[in-house]
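Colleague: Sharing protein-v4.csv, CSV, C-alpha atoms:
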```
chain,number,residue,atom,x,y,z
A,1,MET,CA,37.5,122.4,113.2
A,2,THR,CA,38.0,123.6,116.7
A,3,THR,CA,37.3,127.2,117.2
A,4,ILE,CA,39.6,128.9,119.7
A,5,ASP,CA,38.0,131.6,121.8
A,6,HIS,CA,40.0,134.8,121.3
A,7,GLY,CA,37.6,136.9,123.3
A,8,ASP,CA,37.0,140.2,121.6
A,9,HIS,CA,38.2,139.2,118.2
A,10,ASP,CA,38.4,136.2,115.8
A,11,HIS,CA,40.8,135.1,113.0
A,12,GLY,CA,38.2,133.6,110.8
A,13,ASP,CA,38.1,130.0,109.7
A,14,HIS,CA,40.9,128.5,107.7
A,15,ALA,CA,42.5,125.1,107.0
A,16,PRO,CA,45.4,124.2,109.4
A,17,ILE,CA,48.7,125.6,108.2
A,18,GLN,CA,51.3,122.9,107.7
A,19,GLU,CA,55.0,123.1,106.9
A,20,ALA,CA,55.6,122.0,103.3
A,21,PRO,CA,57.5,118.7,103.2
A,22,GLN,CA,61.1,119.5,102.8
A,23,VAL,CA,62.8,118.1,99.6
A,24,ASP,CA,66.5,118.7,99.5
A,25,GLU,CA,68.6,119.2,96.4
A,26,PHE,CA,70.0,115.7,96.5
A,27,GLU,CA,66.5,114.1,96.5
A,28,VAL,CA,65.5,116.2,93.5
A,29,LEU,CA,68.6,115.0,91.7
A,30,GLU,CA,67.9,111.4,92.7
A,31,VAL,CA,64.3,111.5,91.4
A,32,ALA,CA,65.5,113.2,88.1
A,33,ILE,CA,68.2,110.7,87.5
A,34,ARG,CA,66.0,107.8,88.4
A,35,GLU,CA,63.2,108.9,86.1
A,36,LEU,CA,65.6,109.5,83.2
A,37,SER,CA,67.2,106.1,83.8
A,38,ILE,CA,63.8,104.4,83.7
A,39,GLU,CA,62.7,106.4,80.6
A,40,HIS,CA,65.9,105.4,78.8
A,41,GLY,CA,65.6,101.7,79.8
A,42,LEU,CA,68.7,101.5,82.0
A,43,PHE,CA,66.6,99.8,84.6
A,44,SER,CA,62.9,99.4,85.2
A,45,ALA,CA,60.6,100.8,87.9
A,46,GLU,CA,60.3,97.3,89.1
A,47,ASP,CA,64.1,96.9,89.4
A,48,HIS,CA,64.2,100.1,91.3
A,49,ARG,CA,61.5,99.0,93.7
A,50,ARG,CA,63.2,95.7,94.3
A,51,PHE,CA,66.6,97.3,94.9
A,52,SER,CA,65.1,100.0,97.3
A,53,GLU,CA,63.4,97.2,99.3
A,54,TRP,CA,66.7,95.3,99.5
A,55,ALA,CA,68.6,98.5,100.5
A,56,GLN,CA,66.2,99.3,103.3
A,57,SER,CA,66.3,95.7,104.6
A,58,ILE,CA,70.1,96.0,105.3
A,59,GLY,CA,70.7,96.5,108.9
A,60,PRO,CA,72.2,95.0,112.0
A,61,SER,CA,69.6,92.2,112.3
A,62,GLY,CA,71.8,89.7,110.4
A,63,GLY,CA,74.6,90.2,112.9
A,64,SER,CA,72.3,89.9,115.8
A,65,LYS,CA,71.0,86.6,114.5
A,66,LEU,CA,74.6,85.4,114.1
A,67,VAL,CA,75.6,86.2,117.6
A,68,ALA,CA,72.3,84.9,119.2
A,69,ARG,CA,72.8,81.6,117.3
A,70,ALA,CA,76.3,81.3,118.7
A,71,TRP,CA,75.0,81.9,122.2
A,72,VAL,CA,72.6,79.0,122.1
A,73,ASP,CA,74.4,76.6,119.8
A,74,PRO,CA,77.9,75.7,121.0
A,75,GLU,CA,78.7,73.6,117.9
A,76,PHE,CA,77.7,76.5,115.6
A,77,LYS,CA,79.9,78.8,117.7
A,78,GLN,CA,82.9,76.5,117.1
A,79,ARG,CA,82.2,76.5,113.3
A,80,LEU,CA,81.8,80.3,113.4
A,81,LEU,CA,85.1,80.9,115.1
A,82,ALA,CA,86.9,78.4,112.9
A,83,GLU,CA,85.4,79.4,109.5
A,84,GLY,CA,83.4,82.6,109.8
A,85,THR,CA,82.4,83.1,106.2
A,86,GLU,CA,81.2,79.5,105.8
A,87,ALA,CA,79.3,79.4,109.1
A,88,CYS,CA,77.5,82.7,108.2
A,89,LYS,CA,75.7,80.9,105.3
A,90,GLU,CA,73.9,78.8,107.9
A,91,VAL,CA,72.0,82.0,109.1
A,92,GLY,CA,71.5,83.2,105.6
A,93,ILE,CA,74.5,85.6,105.3
A,94,ASP,CA,76.8,85.1,102.3
A,95,TRP,CA,79.8,87.4,102.4
A,96,SER,CA,80.9,86.3,99.0
A,97,ASP,CA,77.7,87.6,97.4
A,98,PRO,CA,77.3,88.8,94.7
A,99,THR,CA,80.7,88.5,92.9
A,100,GLY,CA,81.9,85.3,94.5
A,101,THR,CA,84.5,87.5,96.4
A,102,GLY,CA,82.2,90.0,98.1
A,103,THR,CA,80.8,93.3,96.8
A,104,PRO,CA,82.5,94.6,93.7
A,105,SER,CA,86.1,95.8,94.4
A,106,ASP,CA,85.9,94.7,98.0
A,107,TYR,CA,88.1,92.1,99.7
A,108,ALA,CA,85.7,90.2,101.9
A,109,TYR,CA,87.5,87.9,104.4
A,110,PHE,CA,85.1,87.7,107.3
A,111,TYR,CA,86.2,86.2,110.5
A,112,VAL,CA,85.0,86.2,114.1
A,113,LEU,CA,87.0,87.0,117.2
A,114,GLU,CA,85.9,85.9,120.7
A,115,ASN,CA,86.4,88.0,123.8
A,116,THR,CA,87.8,86.1,126.8
A,117,PRO,CA,88.7,87.2,130.3
A,118,GLU,CA,92.2,87.7,129.0
A,119,VAL,CA,91.6,89.1,125.5
A,120,HIS,CA,89.3,92.0,124.7
A,121,ASN,CA,89.1,92.6,120.9
A,122,VAL,CA,88.5,96.1,119.6
A,123,ILE,CA,87.7,96.3,115.9
A,124,VAL,CA,88.5,99.7,114.4
A,125,CYS,CA,88.9,101.3,111.0
A,126,THR,CA,92.6,101.5,110.5
A,127,LEU,CA,92.5,104.7,108.4
A,128,CYS,CA,94.3,102.7,105.7
A,129,SER,CA,93.1,104.9,102.9
A,130,CYS,CA,93.4,108.2,104.7
B,1,MET,CA,98.6,78.3,94.9
B,2,THR,CA,100.7,81.4,95.5
B,3,THR,CA,103.8,80.8,97.6
B,4,THR,CA,104.1,82.8,100.7
B,5,ARG,CA,107.4,84.5,101.4
B,6,PHE,CA,106.7,84.9,105.2
B,7,GLN,CA,105.5,82.2,107.6
B,8,LEU,CA,103.6,82.4,110.8
B,9,GLY,CA,105.9,83.6,113.6
B,10,ASP,CA,108.3,85.5,111.2
B,11,GLN,CA,109.4,88.9,112.4
B,12,VAL,CA,108.8,91.4,109.6
B,13,THR,CA,109.3,95.2,109.1
B,14,VAL,CA,107.0,97.4,107.2
B,15,ARG,CA,108.7,99.2,104.3
B,16,GLU,CA,109.0,103.0,104.4
B,17,ALA,CA,107.6,104.1,101.0
B,18,THR,CA,105.2,106.5,99.5
B,19,SER,CA,101.8,107.2,101.0
B,20,LEU,CA,100.6,108.8,97.8
B,21,PHE,CA,97.8,107.0,96.0
B,22,HIS,CA,96.1,104.0,97.4
B,23,THR,CA,98.3,101.6,99.3
B,24,ARG,CA,96.1,100.5,102.3
B,25,THR,CA,99.3,100.4,104.3
B,26,GLN,CA,98.8,102.6,107.3
B,27,THR,CA,101.5,105.2,107.7
B,28,PHE,CA,101.6,104.6,111.4
B,29,THR,CA,103.0,101.1,110.8
B,30,ARG,CA,105.8,102.2,108.4
B,31,GLY,CA,109.2,101.2,109.6
B,32,HIS,CA,107.8,99.2,112.5
B,33,THR,CA,108.5,95.5,113.2
B,34,GLY,CA,105.9,92.9,114.1
B,35,VAL,CA,105.2,89.2,113.8
B,36,VAL,CA,103.2,87.4,111.2
B,37,VAL,CA,100.2,85.8,112.9
B,38,GLU,CA,97.9,84.8,110.0
B,39,HIS,CA,97.9,84.3,106.3
B,40,ARG,CA,95.2,85.7,104.1
B,41,PRO,CA,94.3,84.6,100.6
B,42,ALA,CA,96.1,86.2,97.7
B,43,TRP,CA,94.3,89.2,96.3
B,44,VAL,CA,94.8,92.0,93.8
B,45,ILE,CA,97.0,94.6,95.5
B,46,PRO,CA,95.3,97.9,96.4
B,47,GLU,CA,97.7,99.8,94.2
B,48,ASP,CA,96.1,98.1,91.2
B,49,GLU,CA,92.6,97.7,92.4
B,50,ALA,CA,92.3,101.4,93.2
B,51,TRP,CA,92.7,102.1,89.4
B,52,GLY,CA,90.0,99.6,88.5
B,53,ARG,CA,92.6,96.9,87.5
B,54,GLU,CA,90.6,94.0,88.8
B,55,GLN,CA,92.9,91.6,87.0
B,56,GLY,CA,96.0,93.4,88.4
B,57,ARG,CA,98.9,92.0,90.3
B,58,THR,CA,98.0,89.4,92.9
B,59,GLU,CA,99.9,88.9,96.1
B,60,PRO,CA,99.5,87.0,99.4
B,61,PHE,CA,98.3,89.1,102.3
B,62,TYR,CA,99.5,88.8,105.9
B,63,VAL,CA,98.1,89.7,109.3
B,64,VAL,CA,100.9,91.3,111.3
B,65,ARG,CA,100.7,91.8,115.1
B,66,PHE,CA,102.5,94.8,116.6
B,67,ARG,CA,103.0,95.8,120.2
B,68,GLN,CA,101.0,99.0,120.8
B,69,ARG,CA,104.0,100.4,122.7
B,70,ASP,CA,106.1,100.0,119.6
B,71,LEU,CA,103.7,102.0,117.5
B,72,TRP,CA,102.7,104.9,119.6
B,73,PRO,CA,105.2,107.2,121.4
B,74,GLY,CA,104.3,107.6,125.0
B,75,TYR,CA,101.6,104.8,124.9
B,76,THR,CA,100.0,104.6,128.3
B,77,GLY,CA,97.9,101.4,127.9
B,78,PHE,CA,98.7,97.9,129.1
B,79,ASP,CA,102.1,96.4,128.2
B,80,GLY,CA,100.4,93.4,126.5
B,81,ASP,CA,98.2,95.5,124.2
B,82,THR,CA,98.7,94.6,120.6
B,83,LEU,CA,97.4,95.7,117.2
B,84,GLU,CA,96.8,93.5,114.2
B,85,THR,CA,96.4,94.7,110.6
B,86,GLU,CA,96.9,93.3,107.1
B,87,PHE,CA,99.6,93.9,104.5
B,88,SER,CA,100.2,92.8,101.0
B,89,GLU,CA,103.6,91.0,100.6
B,90,ARG,CA,105.4,93.9,98.8
B,91,TRP,CA,105.1,96.0,102.0
B,92,LEU,CA,106.9,93.6,104.2
B,93,MET,CA,110.6,92.6,104.6
B,94,PRO,CA,112.4,90.3,107.0
B,95,ALA,CA,113.1,92.2,110.2
B,96,GLY,CA,116.6,93.5,110.4
B,97,GLU,CA,117.0,93.5,106.6
B,98,LYS,CA,118.2,96.8,105.1
B,99,GLN,CA,115.6,98.5,102.9
B,100,THR,CA,116.7,98.7,99.3
```
Please go through the file and, once you have read it, give me the structure as structure tokens.

Modeller:
Amino acid sequence: MTTIDHGDHDHGDHAPIQEAPQVDEFEVLEVAIRELSIEHGLFSAEDHRRFSEWAQSIGPSGGSKLVARAWVDPEFKQRLLAEGTEACKEVGIDWSDPTGTGTPSDYAYFYVLENTPEVHNVIVCTLCSC
Amino acid sequence: MTTTRFQLGDQVTVREATSLFHTRTQTFTRGHTGVVVEHRPAWVIPEDEAWGREQGRTEPFYVVRFRQRDLWPGYTGFDGDTLETEFSERWLMPAGEKQT
């Protein structure tokens, strides 16, 4: 431990003071419900681990792969523009997973729009439920 | 195969009706006229799906293109700007037809 020279006085030796890790109410609830669910056999700790790893793996990398492939492979780009959902399967993205029609209660009809010098597409939430 | 009431190029007007509950029909499109530009596969309508009726009423969906100028009062963008969004069949009627 480093001793700081305080001149005419000292503070004694003690362990470094660290802020306690913050756990918010929601995290406490999550842990409580997770542990109860595992205890009651709703799912196993192994199921939970697998799901957490999957959830953390979701991100923009799938979309980047899709666009990059379209840049370097003109035939793929044509297939992607013509039949987005099918072409995505070639880079390992299946929009119909897991129900055959997308995530439960979701209408998944994925298609791809190309910007041109004349047409610039802007995709927005349309506030249809708001 | 569900028959589609409207074909590509048809002029359609969005019905004026309730915005209570779950319709997925944007209120800013109500009463406005646009053109059908794409068909979408038939699907359970949001009015049923929202209540968990996954086996509810199924209808064809349509992509309708509007001119931005027609939708927004005082729109200052380009004249050619358009907006496309989807509707279930029940929300559309032939342009010019009186709503019943």

Colleague: Rounded to one decimal place, report the atom CA of Arg90 of chain B-atom CA of Tyr62 of chain B distance in Å.

Modeller: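 Straight-line distance from atom CA of Arg90 of chain B to atom CA of Tyr62 of chain B works out to 10.5 Å.
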
Colleague: Select, as a PyMOL selection string, those residues of chain B with any atom no more than 10 Å from chain A (distances computed using all atoms listed in the file).

Modeller: chain B and resi 19-28+40-41+43-44+46+49-50+52-54+80-86

Colleague: Give me, please, the distance in Å between atom CA of Phe43 of chain A and atom CA of Trp95 of chain A, quoted to one decimal.

Modeller: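 Here the two named atoms are 25.4 Å from each other.
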
Colleague: Which polymer residues, protein or nucleic acid, are no farther than 12 Å from (89.3, 78.9, 111.1), counting only C-alpha atoms, as a list in words?

Modeller: Lys77, Gln78, Arg79, Leu80, Leu81, Ala82, Glu83, Gly84, Thr85, Glu86, Ala87, Tyr109, Phe110, Tyr111, Val112 and Leu113 of chain A; Glu38, His39 and Arg40 of chain B

Colleague: Using Å and a single decimal, report how far atom CA of Pro60 of chain A sits from atom CA of Asp24 of chain A.

Modeller: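 We find that atom CA of Asp24 of chain A and atom CA of Pro60 of chain A lie 27.4 Å from each other.
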
Colleague: Using the atoms already present, construct N, CA and C atoms for segment 19-49 of chain B and hand them back as an mmCIF file, in the coordinates of the input.

Modeller:
```cif
data_model
loop_
_atom_site.group_PDB
_atom_site.id
_atom_site.type_symbol
_atom_site.label_atom_id
_atom_site.label_comp_id
_atom_site.auth_asym_id
_atom_site.auth_seq_id
_atom_site.Cartn_x
_atom_site.Cartn_y
_atom_site.Cartn_z
ATOM 1 N N SER B 19 103.199 107.374 100.599
ATOM 2 C CA SER B 19 101.800 107.200 101.000
ATOM 3 C C SER B 19 100.908 107.955 100.049
ATOM 4 N N LEU B 20 101.469 108.261 98.870
ATOM 5 C CA LEU B 20 100.600 108.800 97.800
ATOM 6 C C LEU B 20 99.777 107.678 97.240
ATOM 7 N N PHE B 21 98.697 108.003 96.612
ATOM 8 C CA PHE B 21 97.800 107.000 96.000
ATOM 9 C C PHE B 21 97.248 106.057 97.024
ATOM 10 N N HIS B 22 96.825 104.900 96.552
ATOM 11 C CA HIS B 22 96.100 104.000 97.400
ATOM 12 C C HIS B 22 96.923 102.781 97.732
ATOM 13 N N THR B 23 97.409 102.687 98.959
ATOM 14 C CA THR B 23 98.300 101.600 99.300
ATOM 15 C C THR B 23 97.642 100.665 100.379
ATOM 16 N N ARG B 24 96.709 101.196 101.124
ATOM 17 C CA ARG B 24 96.100 100.500 102.300
ATOM 18 C C ARG B 24 97.143 100.070 103.288
ATOM 19 N N THR B 25 98.300 100.704 103.267
ATOM 20 C CA THR B 25 99.300 100.400 104.300
ATOM 21 C C THR B 25 99.421 101.608 105.185
ATOM 22 N N GLN B 26 98.923 101.456 106.399
ATOM 23 C CA GLN B 26 98.800 102.600 107.300
ATOM 24 C C GLN B 26 100.186 103.214 107.554
ATOM 25 N N THR B 27 100.227 104.544 107.484
ATOM 26 C CA THR B 27 101.500 105.200 107.700
ATOM 27 C C THR B 27 102.042 104.990 109.105
ATOM 28 N N PHE B 28 101.129 104.774 110.055
ATOM 29 C CA PHE B 28 101.600 104.600 111.400
ATOM 30 C C PHE B 28 102.333 103.254 111.647
ATOM 31 N N THR B 29 102.284 102.384 110.645
ATOM 32 C CA THR B 29 103.000 101.100 110.800
ATOM 33 C C THR B 29 104.353 101.131 110.041
ATOM 34 N N ARG B 30 104.572 102.144 109.227
ATOM 35 C CA ARG B 30 105.800 102.200 108.400
ATOM 36 C C ARG B 30 107.046 102.172 109.267
ATOM 37 N N GLY B 31 107.957 101.271 108.900
ATOM 38 C CA GLY B 31 109.200 101.200 109.600
ATOM 39 C C GLY B 31 109.138 100.390 110.915
ATOM 40 N N HIS B 32 107.941 99.932 111.263
ATOM 41 C CA HIS B 32 107.800 99.200 112.500
ATOM 42 C C HIS B 32 107.869 97.683 112.276
ATOM 43 N N THR B 33 108.282 96.982 113.322
ATOM 44 C CA THR B 33 108.500 95.500 113.200
ATOM 45 C C THR B 33 107.401 94.817 114.053
ATOM 46 N N GLY B 34 106.845 93.762 113.448
ATOM 47 C CA GLY B 34 105.900 92.900 114.100
ATOM 48 C C GLY B 34 106.032 91.493 113.747
ATOM 49 N N VAL B 35 105.062 90.664 114.097
ATOM 50 C CA VAL B 35 105.200 89.200 113.800
ATOM 51 C C VAL B 35 103.969 88.772 112.998
ATOM 52 N N VAL B 36 104.250 87.907 112.016
ATOM 53 C CA VAL B 36 103.200 87.400 111.200
ATOM 54 C C VAL B 36 102.332 86.408 111.990
ATOM 55 N N VAL B 37 101.024 86.671 112.103
ATOM 56 C CA VAL B 37 100.200 85.800 112.900
ATOM 57 C C VAL B 37 99.137 85.026 112.078
ATOM 58 N N GLU B 38 98.850 85.500 110.870
ATOM 59 C CA GLU B 38 97.900 84.800 110.000
ATOM 60 C C GLU B 38 98.179 85.045 108.562
ATOM 61 N N HIS B 39 97.835 84.064 107.742
ATOM 62 C CA HIS B 39 97.900 84.300 106.300
ATOM 63 C C HIS B 39 96.499 84.643 105.802
ATOM 64 N N ARG B 40 96.448 85.422 104.726
ATOM 65 C CA ARG B 40 95.200 85.700 104.100
ATOM 66 C C ARG B 40 95.309 85.361 102.602
ATOM 67 N N PRO B 41 94.179 85.012 101.976
ATOM 68 C CA PRO B 41 94.300 84.600 100.600
ATOM 69 C C PRO B 41 94.880 85.658 99.696
ATOM 70 N N ALA B 42 95.564 85.217 98.648
ATOM 71 C CA ALA B 42 96.100 86.200 97.700
ATOM 72 C C ALA B 42 95.024 86.999 97.069
ATOM 73 N N TRP B 43 95.322 88.245 96.793
ATOM 74 C CA TRP B 43 94.300 89.200 96.300
ATOM 75 C C TRP B 43 94.985 90.234 95.429
ATOM 76 N N VAL B 44 94.209 90.897 94.611
ATOM 77 C CA VAL B 44 94.800 92.000 93.800
ATOM 78 C C VAL B 44 95.205 93.102 94.766
ATOM 79 N N ILE B 45 96.436 93.583 94.577
ATOM 80 C CA ILE B 45 97.000 94.600 95.500
ATOM 81 C C ILE B 45 96.208 95.911 95.342
ATOM 82 N N PRO B 46 96.040 96.646 96.448
ATOM 83 C CA PRO B 46 95.300 97.900 96.400
ATOM 84 C C PRO B 46 95.801 98.886 95.372
ATOM 85 N N GLU B 47 97.125 98.882 95.144
ATOM 86 C CA GLU B 47 97.700 99.800 94.200
ATOM 87 C C GLU B 47 97.129 99.633 92.791
ATOM 88 N N ASP B 48 96.742 98.396 92.460
ATOM 89 C CA ASP B 48 96.100 98.100 91.200
ATOM 90 C C ASP B 48 94.613 98.246 91.221
ATOM 91 N N GLU B 49 94.055 97.692 92.285
ATOM 92 C CA GLU B 49 92.600 97.700 92.400
ATOM 93 C C GLU B 49 92.029 99.088 92.435
#
```
